[in-house]
Structure formats: structure tokens, C-alpha cells
$ cat query_15.cif   # mmCIF, N, CA, C and O atoms
data_structure
loop_
_atom_site.label_atom_id
_atom_site.label_comp_id
_atom_site.auth_asym_id
_atom_site.auth_seq_id
_atom_site.Cartn_x
_atom_site.Cartn_y
_atom_site.Cartn_z
N PHE A 1 4.35 -13.85 -4.89
CA PHE A 1 3.61 -13.70 -6.12
C PHE A 1 2.58 -12.59 -5.98
O PHE A 1 2.17 -12.24 -4.88
N ASP A 2 2.14 -12.04 -7.09
CA ASP A 2 1.13 -10.98 -7.02
C ASP A 2 -0.17 -11.45 -6.39
O ASP A 2 -0.88 -10.68 -5.79
N ASN A 3 -0.51 -12.70 -6.51
CA ASN A 3 -1.68 -13.26 -5.87
C ASN A 3 -1.24 -14.47 -5.08
O ASN A 3 -1.00 -15.53 -5.64
N ASP A 4 -1.10 -14.31 -3.78
CA ASP A 4 -0.61 -15.41 -2.96
C ASP A 4 -1.72 -16.18 -2.26
O ASP A 4 -1.48 -17.02 -1.43
N GLY A 5 -2.96 -15.88 -2.58
CA GLY A 5 -4.07 -16.61 -2.01
C GLY A 5 -4.68 -15.95 -0.79
O GLY A 5 -5.78 -16.28 -0.39
N LEU A 6 -3.98 -15.02 -0.16
CA LEU A 6 -4.51 -14.36 1.02
C LEU A 6 -5.22 -13.06 0.61
O LEU A 6 -6.39 -12.87 0.89
N VAL A 7 -4.52 -12.19 -0.05
CA VAL A 7 -5.10 -10.96 -0.60
C VAL A 7 -4.53 -10.78 -1.99
O VAL A 7 -3.33 -10.56 -2.14
N ASN A 8 -5.36 -10.92 -3.00
CA ASN A 8 -4.84 -10.72 -4.35
C ASN A 8 -4.67 -9.23 -4.62
O ASN A 8 -5.35 -8.40 -4.04
N THR A 9 -3.74 -8.90 -5.49
CA THR A 9 -3.41 -7.50 -5.70
C THR A 9 -4.55 -6.70 -6.32
O THR A 9 -4.68 -5.52 -6.05
N ILE A 10 -5.37 -7.32 -7.12
CA ILE A 10 -6.48 -6.58 -7.73
C ILE A 10 -7.47 -6.13 -6.65
O ILE A 10 -8.05 -5.06 -6.74
N SER A 11 -7.65 -6.93 -5.60
CA SER A 11 -8.56 -6.56 -4.52
C SER A 11 -7.94 -5.54 -3.56
O SER A 11 -8.64 -4.94 -2.76
N ALA A 12 -6.65 -5.37 -3.64
CA ALA A 12 -5.97 -4.44 -2.75
C ALA A 12 -5.81 -3.06 -3.38
O ALA A 12 -5.11 -2.22 -2.84
N THR A 13 -6.47 -2.82 -4.50
CA THR A 13 -6.33 -1.52 -5.17
C THR A 13 -7.56 -0.66 -4.92
O THR A 13 -7.68 -0.05 -3.89
N ALA A 14 -8.47 -0.61 -5.87
CA ALA A 14 -9.66 0.24 -5.75
C ALA A 14 -10.82 -0.44 -6.48
O ALA A 14 -10.59 -1.23 -7.40
N PRO A 15 -12.05 -0.13 -6.11
CA PRO A 15 -13.20 -0.67 -6.84
C PRO A 15 -13.15 -0.24 -8.31
O PRO A 15 -12.74 0.88 -8.62
N PHE A 16 -13.56 -1.13 -9.18
CA PHE A 16 -13.54 -0.84 -10.62
C PHE A 16 -14.40 0.36 -11.00
O PHE A 16 -14.12 1.06 -11.96
N THR A 17 -15.46 0.60 -10.25
CA THR A 17 -16.42 1.65 -10.61
C THR A 17 -16.10 3.01 -9.99
O THR A 17 -16.80 3.98 -10.27
N ASP A 18 -15.08 3.08 -9.15
CA ASP A 18 -14.74 4.34 -8.48
C ASP A 18 -13.52 4.98 -9.12
O ASP A 18 -12.65 4.29 -9.64
N PRO A 19 -13.42 6.31 -9.04
CA PRO A 19 -12.23 6.97 -9.58
C PRO A 19 -11.00 6.59 -8.75
O PRO A 19 -11.07 6.51 -7.52
N SER A 20 -9.90 6.35 -9.44
CA SER A 20 -8.66 5.99 -8.75
C SER A 20 -7.47 6.49 -9.57
O SER A 20 -7.60 6.82 -10.74
N ARG A 21 -6.33 6.56 -8.91
CA ARG A 21 -5.10 6.93 -9.58
C ARG A 21 -3.95 6.25 -8.87
O ARG A 21 -4.00 5.99 -7.67
N THR A 22 -2.91 5.96 -9.62
CA THR A 22 -1.70 5.39 -9.04
C THR A 22 -0.94 6.51 -8.33
O THR A 22 -0.73 7.58 -8.90
N PHE A 23 -0.60 6.28 -7.08
CA PHE A 23 0.14 7.27 -6.30
C PHE A 23 1.54 6.74 -6.07
O PHE A 23 1.73 5.67 -5.50
N ASP A 24 2.53 7.46 -6.56
CA ASP A 24 3.93 7.08 -6.39
C ASP A 24 4.53 7.94 -5.29
O ASP A 24 4.76 9.14 -5.49
N PRO A 25 4.77 7.38 -4.11
CA PRO A 25 5.27 8.17 -2.99
C PRO A 25 6.61 8.84 -3.26
O PRO A 25 6.94 9.84 -2.64
N GLU A 26 7.36 8.31 -4.20
CA GLU A 26 8.67 8.89 -4.53
C GLU A 26 8.54 10.12 -5.43
O GLU A 26 9.42 10.96 -5.46
N LYS A 27 7.44 10.23 -6.18
CA LYS A 27 7.29 11.30 -7.17
C LYS A 27 6.14 12.26 -6.89
O LYS A 27 6.22 13.44 -7.22
N ASP A 28 5.05 11.74 -6.33
CA ASP A 28 3.85 12.56 -6.17
C ASP A 28 3.84 13.30 -4.83
O ASP A 28 4.16 12.74 -3.79
N ALA A 29 3.44 14.57 -4.88
CA ALA A 29 3.29 15.36 -3.66
C ALA A 29 1.97 15.01 -2.99
O ALA A 29 0.99 14.67 -3.67
N LEU A 30 1.94 15.07 -1.68
CA LEU A 30 0.69 14.80 -0.96
C LEU A 30 -0.40 15.80 -1.33
O LEU A 30 -1.57 15.49 -1.23
N SER A 31 -0.01 16.96 -1.81
CA SER A 31 -1.01 17.95 -2.22
C SER A 31 -1.80 17.49 -3.45
O SER A 31 -2.85 18.04 -3.76
N SER A 32 -1.30 16.46 -4.14
CA SER A 32 -2.01 15.94 -5.31
C SER A 32 -3.14 14.98 -4.93
O SER A 32 -3.93 14.59 -5.77
N VAL A 33 -3.24 14.63 -3.65
CA VAL A 33 -4.30 13.74 -3.18
C VAL A 33 -5.61 14.50 -3.16
O VAL A 33 -5.70 15.59 -2.59
N LYS A 34 -6.62 13.94 -3.82
CA LYS A 34 -7.93 14.58 -3.91
C LYS A 34 -8.99 13.73 -3.20
O LYS A 34 -8.99 12.51 -3.35
N PRO A 35 -9.89 14.35 -2.44
CA PRO A 35 -10.97 13.60 -1.80
C PRO A 35 -11.83 12.88 -2.84
O PRO A 35 -12.05 13.40 -3.93
N GLY A 36 -12.27 11.69 -2.49
CA GLY A 36 -13.15 10.94 -3.36
C GLY A 36 -12.44 10.13 -4.44
O GLY A 36 -13.09 9.50 -5.26
N VAL A 37 -11.12 10.16 -4.44
CA VAL A 37 -10.33 9.41 -5.43
C VAL A 37 -9.44 8.43 -4.67
O VAL A 37 -8.69 8.83 -3.77
N TRP A 38 -9.52 7.15 -5.03
CA TRP A 38 -8.65 6.15 -4.41
C TRP A 38 -7.21 6.41 -4.84
O TRP A 38 -6.92 6.55 -6.03
N GLN A 39 -6.32 6.50 -3.89
CA GLN A 39 -4.89 6.67 -4.16
C GLN A 39 -4.25 5.29 -4.03
O GLN A 39 -4.11 4.75 -2.93
N VAL A 40 -3.90 4.68 -5.14
CA VAL A 40 -3.38 3.32 -5.15
C VAL A 40 -1.86 3.36 -4.98
O VAL A 40 -1.14 3.84 -5.85
N LEU A 41 -1.40 2.86 -3.84
CA LEU A 41 0.02 2.83 -3.54
C LEU A 41 0.68 1.62 -4.18
O LEU A 41 -0.01 0.65 -4.55
N PRO A 42 2.01 1.64 -4.31
CA PRO A 42 2.70 0.48 -4.88
C PRO A 42 2.44 -0.78 -4.04
O PRO A 42 2.21 -0.70 -2.83
N THR A 43 2.48 -1.92 -4.69
CA THR A 43 2.29 -3.19 -4.01
C THR A 43 3.46 -3.48 -3.09
O THR A 43 4.61 -3.32 -3.48
N PHE A 44 3.16 -3.87 -1.86
CA PHE A 44 4.21 -4.27 -0.92
C PHE A 44 4.76 -5.61 -1.39
O PHE A 44 4.01 -6.56 -1.61
N ARG A 45 6.05 -5.69 -1.55
CA ARG A 45 6.69 -6.92 -2.01
C ARG A 45 7.20 -7.70 -0.81
O ARG A 45 7.97 -7.18 -0.02
N GLY A 46 6.73 -8.92 -0.66
CA GLY A 46 7.17 -9.77 0.44
C GLY A 46 6.19 -10.89 0.64
O GLY A 46 5.13 -10.95 0.01
N ASP A 47 6.52 -11.79 1.52
CA ASP A 47 5.62 -12.89 1.87
C ASP A 47 4.34 -12.29 2.45
O ASP A 47 4.37 -11.25 3.10
N HIS A 48 3.20 -12.94 2.20
CA HIS A 48 1.93 -12.35 2.63
C HIS A 48 1.84 -12.14 4.14
O HIS A 48 1.07 -11.33 4.60
N MET A 49 2.64 -12.83 4.92
CA MET A 49 2.63 -12.62 6.36
C MET A 49 3.69 -11.61 6.80
O MET A 49 3.71 -11.21 7.96
N SER A 50 4.56 -11.19 5.90
CA SER A 50 5.63 -10.27 6.29
C SER A 50 5.09 -8.92 6.73
O SER A 50 5.71 -8.23 7.54
N ILE A 51 3.93 -8.53 6.26
CA ILE A 51 3.37 -7.22 6.59
C ILE A 51 2.99 -7.13 8.07
O ILE A 51 2.89 -6.06 8.63
N ILE A 52 2.83 -8.28 8.72
CA ILE A 52 2.54 -8.27 10.16
C ILE A 52 3.73 -8.78 10.97
O ILE A 52 3.60 -9.17 12.12
N GLY A 53 4.91 -8.79 10.37
CA GLY A 53 6.11 -9.18 11.10
C GLY A 53 6.62 -10.56 10.76
O GLY A 53 7.66 -10.97 11.24
N GLY A 54 5.90 -11.30 9.95
CA GLY A 54 6.36 -12.60 9.48
C GLY A 54 6.17 -13.72 10.47
O GLY A 54 6.05 -13.50 11.67
N LEU A 55 6.12 -14.91 9.96
CA LEU A 55 6.05 -16.10 10.79
C LEU A 55 7.30 -16.95 10.56
O LEU A 55 7.99 -17.30 11.50
N VAL A 56 7.59 -17.24 9.32
CA VAL A 56 8.75 -18.06 8.99
C VAL A 56 9.95 -17.15 8.76
O VAL A 56 11.02 -17.34 9.33
N GLN A 57 9.78 -16.15 7.91
CA GLN A 57 10.85 -15.22 7.61
C GLN A 57 10.49 -13.87 8.25
O GLN A 57 9.54 -13.22 7.87
N LYS A 58 11.26 -13.49 9.25
CA LYS A 58 10.98 -12.24 9.97
C LYS A 58 11.35 -11.04 9.10
O LYS A 58 12.39 -11.01 8.47
N THR A 59 10.45 -10.07 9.05
CA THR A 59 10.64 -8.85 8.26
C THR A 59 10.38 -7.65 9.15
O THR A 59 9.37 -7.61 9.84
N ASP A 60 11.28 -6.68 9.13
CA ASP A 60 11.09 -5.45 9.90
C ASP A 60 10.15 -4.54 9.13
O ASP A 60 10.56 -3.92 8.14
N VAL A 61 8.91 -4.48 9.55
CA VAL A 61 7.91 -3.67 8.84
C VAL A 61 7.67 -2.32 9.51
O VAL A 61 6.88 -1.53 9.02
N LEU A 62 8.37 -2.03 10.59
CA LEU A 62 8.19 -0.76 11.28
C LEU A 62 8.41 0.44 10.37
O LEU A 62 7.59 1.35 10.35
N PRO A 63 9.49 0.47 9.56
CA PRO A 63 9.67 1.62 8.65
C PRO A 63 8.51 1.78 7.66
O PRO A 63 8.11 2.90 7.35
N TYR A 64 7.95 0.68 7.18
CA TYR A 64 6.80 0.73 6.27
C TYR A 64 5.62 1.42 6.94
O TYR A 64 5.01 2.34 6.37
N TYR A 65 5.29 1.01 8.16
CA TYR A 65 4.15 1.59 8.87
C TYR A 65 4.41 3.04 9.28
O TYR A 65 3.51 3.88 9.20
N LEU A 66 5.62 3.35 9.72
CA LEU A 66 5.94 4.73 10.10
C LEU A 66 5.83 5.67 8.91
O LEU A 66 5.28 6.78 9.02
N ASP A 67 6.32 5.24 7.75
CA ASP A 67 6.21 6.04 6.53
C ASP A 67 4.74 6.25 6.15
O ASP A 67 4.32 7.35 5.81
N PHE A 68 3.96 5.18 6.20
CA PHE A 68 2.55 5.24 5.85
C PHE A 68 1.80 6.19 6.78
O PHE A 68 1.03 7.05 6.33
N MET A 69 2.02 6.08 8.09
CA MET A 69 1.33 6.94 9.05
C MET A 69 1.80 8.39 8.93
O MET A 69 1.00 9.32 9.12
N SER A 70 3.06 8.61 8.60
CA SER A 70 3.56 9.96 8.38
C SER A 70 2.82 10.63 7.22
O SER A 70 2.45 11.80 7.30
N ARG A 71 2.59 9.87 6.15
CA ARG A 71 1.83 10.41 5.01
C ARG A 71 0.40 10.77 5.41
O ARG A 71 -0.11 11.82 5.05
N ILE A 72 -0.24 9.88 6.14
CA ILE A 72 -1.62 10.12 6.56
C ILE A 72 -1.68 11.36 7.45
O ILE A 72 -2.55 12.22 7.29
N ASN A 73 -0.77 11.46 8.41
CA ASN A 73 -0.78 12.59 9.34
C ASN A 73 -0.52 13.92 8.64
O ASN A 73 -0.94 14.97 9.14
N SER A 74 0.16 13.90 7.52
CA SER A 74 0.49 15.16 6.84
C SER A 74 -0.59 15.62 5.86
O SER A 74 -0.47 16.69 5.29
N LEU A 75 -1.64 14.83 5.70
CA LEU A 75 -2.72 15.23 4.78
C LEU A 75 -3.56 16.36 5.35
O LEU A 75 -3.79 16.50 6.47
#
$ encode --input "query_15.cif" --output "C-alpha cells"
Amino acid sequence: FDNDGLVNTISATAPFTDPSRTFDPEKDALSSVKPGVWQVLPTFRGDHMSIIGGLVQKTDVLPYYLDFMSRINSL
């Protein structure tokens, strides 16, 4: 669910008072990232524990982290 009790999606975006924009990794170039603006990535879909490898249902999150770090390194 969008709010599973651990981290709700509204808290995982950006502060209401700060500038932010939705960043679509499939469409937006990294050159569009501007300092001082929160870049809100799509919500990760999965069990709230899947992002750390899962407890009940194992999820391979390595590609997620590698993609994320690749984006950061290319800024």
C-alpha cells in the first residue's frame, strides 16, 4: 500500500515548503537536476522490507541500488 505504516509516501517525497519536482528516470535527463530543488523519484513498489532485501518475501534490490548510485555518480 502507499502507506504501509513504516514510511508513508508523503513523507518520502519533499517538504511542503521547499521547491520540488517529479523526476522520471525514464524521461528526464540528469542535466535537468537543479541544486536546491528536491527531485522526487517514483515510489518503489514492494513490501516495506523489500528495499533491504526482504524478510518474508526475498526481493533482489541490487539493480535498484546500482541504478540509483549510477545516477548520483553521474551528476
$ atom_distance --input "query_15.cif" --atom1 "CA of Lys34 (chain A)" --atom2 "atom C of Thr9 (chain A)"
21.7 Å
$ closest_residue --input "query_15.cif" --among "A:Ser11, A:Ser50, A:Thr22, A:Thr43" --to "Leu62 (chain A)" --atoms "all atoms listed in the file"
A:Ser50
$ select_by_dssp --input "query_15.cif" --residues "chain A" --states "strand (DSSP E or B)" --output "number ranges by chain"
A: 20-22, 38-40
$ closest_residue --input "query_15.cif" --among "A:Ile52, A:Ile72, A:Leu66, A:Leu41" --to "Ala12 (chain A)" --atoms "only C-alpha atoms"
A:Leu41
$ axis_aligned_box --input "query_15.cif" --around "region 44-50 of chain A" --padding-each-side "6 Å" --output "AutoDock Vina command-line options"
--center_x 4.5 --center_y -8.4 --center_z 3.0 --size_x 18.9 --size_y 21.1 --size_z 22.0
$ resolve_selection --input "query_15.cif" --expression "the PyMOL selection byres (((chain A and resi 75 and name CA) around 10) and name CA)" --output "JSON, numbers by chain"
{"A": [30, 31, 33, 70, 71, 72, 73, 74]}
$ closest_residue --input "query_15.cif" --among "A:Val40, A:Val56, A:Ile10, A:Met69" --to "Phe23 (chain A)" --atoms "all atoms listed in the file"
A:Val40
$ atom_distance --input "query_15.cif" --atom1 "CA of Thr17 (chain A)" --atom2 "atom O of Gln39 (chain A)"
14.8 Å
$ closest_residue --input "query_15.cif" --among "A:Asp67, A:Trp38, A:Lys58, A:Met49" --to "Ala14 (chain A)" --atoms "all atoms listed in the file"
A:Trp38
$ atom_distance --input "query_15.cif" --atom1 "CA of Arg45 (chain A)" --atom2 "CA of Asp28 (chain A)"
20.1 Å
$ residues_around --input "query_15.cif" --residues "Val61 (chain A)" --least-positions-apart "2" --cutoff "8 Å" --atoms "only C-alpha atoms" --output "MDAnalysis selection string"
chainID A and resid 50:53 59 63:65
$ select_by_dssp --input "query_15.cif" --residues "chain A" --states "helix (DSSP H, G or I)" --output "list in words"
Leu30, Ser31, Ser32, Ser50, Ile51, Ile52, Leu62, Pro63, Tyr64, Tyr65, Leu66, Asp67, Phe68, Met69, Ser70, Arg71, Ile72 and Asn73 of chain A
$ closest_residue --input "query_15.cif" --among "A:Asn8, A:Ser20, A:Phe68, A:Asp60" --to "Gly36 (chain A)" --atoms "all atoms listed in the file"
A:Ser20
